[in-house]
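Asker: Sharing a structure here in structure tokens format.
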Amino acid sequence: MNTPVSRGDDIQCLAGEYVLGTLSASSRAGVEARMANDAALRTAVEQWQETLAPLHELVEPVEPSAQLWTRIESSVAVQIDAAKASESFRRAVPPDVTPITTWWDSLRLWRGLAASGLAATALMGVVVFTQQALSPTPGYMVVLVGPQDKSPGWVVQAGTNSQQARLIPLGKMEVPGDKSLQFWTKGDDWKGPVSLGLVKPGQSLEIPLDKLPPLQPNQLFEITLEPYNGSPLDRPTGPILFIGRAVKII
Amino acid sequence: MSTQRNLRGAIRKAGSGVIRIGDRQLSFCGDGELVNLALRFAPASLSARQLIDRLEPALPVNPQPFDYEVALAACAKGDRSALQSIYQFENRRLLGVALRIVRDHALAEDVLHDAFMSIWTKAVSFDALRGTARGWIHSIVRNQALSVVRNHGREVSADEEAIEALEAERATHAAPMTELFEINADIGRLDECLQALDAPKRNSILAAYLDGCSHSEIAAKLNAPLGSVKAWIKRGLLSLRECMA
């Protein structure tokens, strides 16, 4: 009873298994990456989601703890602060008009970061790792974290007088084929952000700093998702994927 | 049996209200357990179908049903109270969904936390032309839960081919498979299409969707060869697709 399987059936099965949840982590990631460019697959996934959603009516409701909403609420507040900060990052403001202080001064944001504990843990781990792996004594370190989940994605490392910084990935990520990752920085008193070039997911990058003013504490670094080959403007146009600021290392 | 299931589904759907049987009133509150009680109270001449007709839902306090789409649009505009209203409306159901998949209460709450952050930040990308707002919200929670179990594996890392080879030796013509899941809510057409599948396909699909089981977990649960489970799911999906079309 083996009937030949058509391409339509293949897509239906792949989409159906994605929504059922039986695919492995790597196959799931593959489907998610493919959906960005494959309209048929995306439509099939959306149809399966609608088809199977009524099954959730069979699930017994469970009472969450009272703290869960409080947790969500404070994470949302942190996210709103970060979004505001990135807006001010996008606006090229002359330093003598409005100093960009809003989000550095946001107690909530840093409290949020600290509360997550993740960034700090990652920083410690990474300091150990990079000191072993790289010869010059680091002068500055930046941990770039996701604006919402605070999970560390990249670190930037530079010697005090070094003409180069190094961007090091902490994990792998998928970038849709029609998008690029772009790396940016901005000092507190700069007029606007400066592009440090395109970044390939999962790959280290040496960044020449000789055209830039010396690194300073609190200098902001971001990786944003931009159109293929980078932002058409002199500042980010897409969402922030990772954000962090320079910390001096003794 | 199936009318009893339908009555239970109808009661859940109605939420709360009364069933009038003669001069007696039986109050109900979305509770399927009352079905047995209702059947006991009811004169034998009344069928479950007739009981369903007698369901009188209480007038809802808020006559407007919750509009998920409006709430998502408000989230997209930065209205935090809209996110809270989604949470208040769905938190118990969504935690149930996450808990069935990750099987740990604290972990399930983490899933819900992260999912609500995604709902908040992605609300702007919700497109009503591509699906319902409630379905979109549920998918975010599911995907978050699945990525937790698939990435940080509950998965037993066994060589799938080796398992298949071993299992191929096992006799496949065992006793007829028992039903592992009860469909005790009104899920519309999907119910009929699931009933049209044979038990192994239905069990496999429900175990995957409701309990987040991987192929090998389903194979263990159903005591069936991995290859059969994979085939059941593929064929089951295609039959469902055809039936729902």
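Going by the structure tokens order, chains are called A, B, ..., each with residues numbered from 1, while ligands are numbered from 1 in the order shown.
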Identify, on the basis of only C-alpha atoms, every residue whose closest approach to stretch 202-205 of chain B does not exceed 8 Å; exclude the query and any residue fewer than 3 positions from it along the same chain; express the result as a PyMOL selection string.
Answerer: (chain A and resi 20) or (chain B and resi 179-181+194-195+197-199+208-209+218+229+232-233+236-237)
Asker: With a distance cut-off of 10 Å and only C-alpha atoms, select the neighbouring residues of B:His138, excluding the residue or stretch itself and same-chain residues fewer than 3 positions from it, and output the selection as a list of chain:residue names.
Answerer: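 Counting only C-alpha atoms, the residues come to A:Gln49, A:Glu50, A:Ala53, A:His56, B:Glu90, B:Arg93, B:Leu94, B:Val97, B:Ala98, B:Ala115, B:Ile119, B:Thr132, B:Ala133, B:Arg134, B:Gly135, B:Val141, B:Arg142, B:Asn143, B:Gln144.
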Asker: For the interface of chain B with chain A (cut-off 6 Å, counting only C-alpha atoms), please tabulate each contacting residue of chain B alongside its nearest pair of atoms and their separation in Å to one decimal, rows sorted by chain and increasing number, as a tab-separated table.
Answerer:
residue	atom	partner	partner_atom	distance
B:Arg92	CA	A:Pro61	CA	4.8
B:Arg93	CA	A:Pro61	CA	4.4
B:Leu95	CA	A:Val62	CA	5.8
B:Gly96	CA	A:Pro61	CA	4.7
B:His113	CA	A:Ile72	CA	5.5
B:Arg150	CA	A:Ala25	CA	5.1
B:Asn151	CA	A:Ala25	CA	5.5
B:Ala185	CA	A:Leu58	CA	6.0
B:Ile187	CA	A:Pro54	CA	5.3
B:Ala208	CA	A:Leu20	CA	5.6
B:Tyr209	CA	A:Leu20	CA	4.8
B:Ser214	CA	A:Thr22	CA	4.7
B:Lys234	CA	A:Cys13	CA	5.9
Asker: Point out the residue among A:Ala158, A:Ile249, A:Leu241, A:Val142 with the least atom-to-atom distance to A:Leu181, counting only C-alpha atoms.
Answerer: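 Smallest distance to A:Leu181 is found for A:Leu241.
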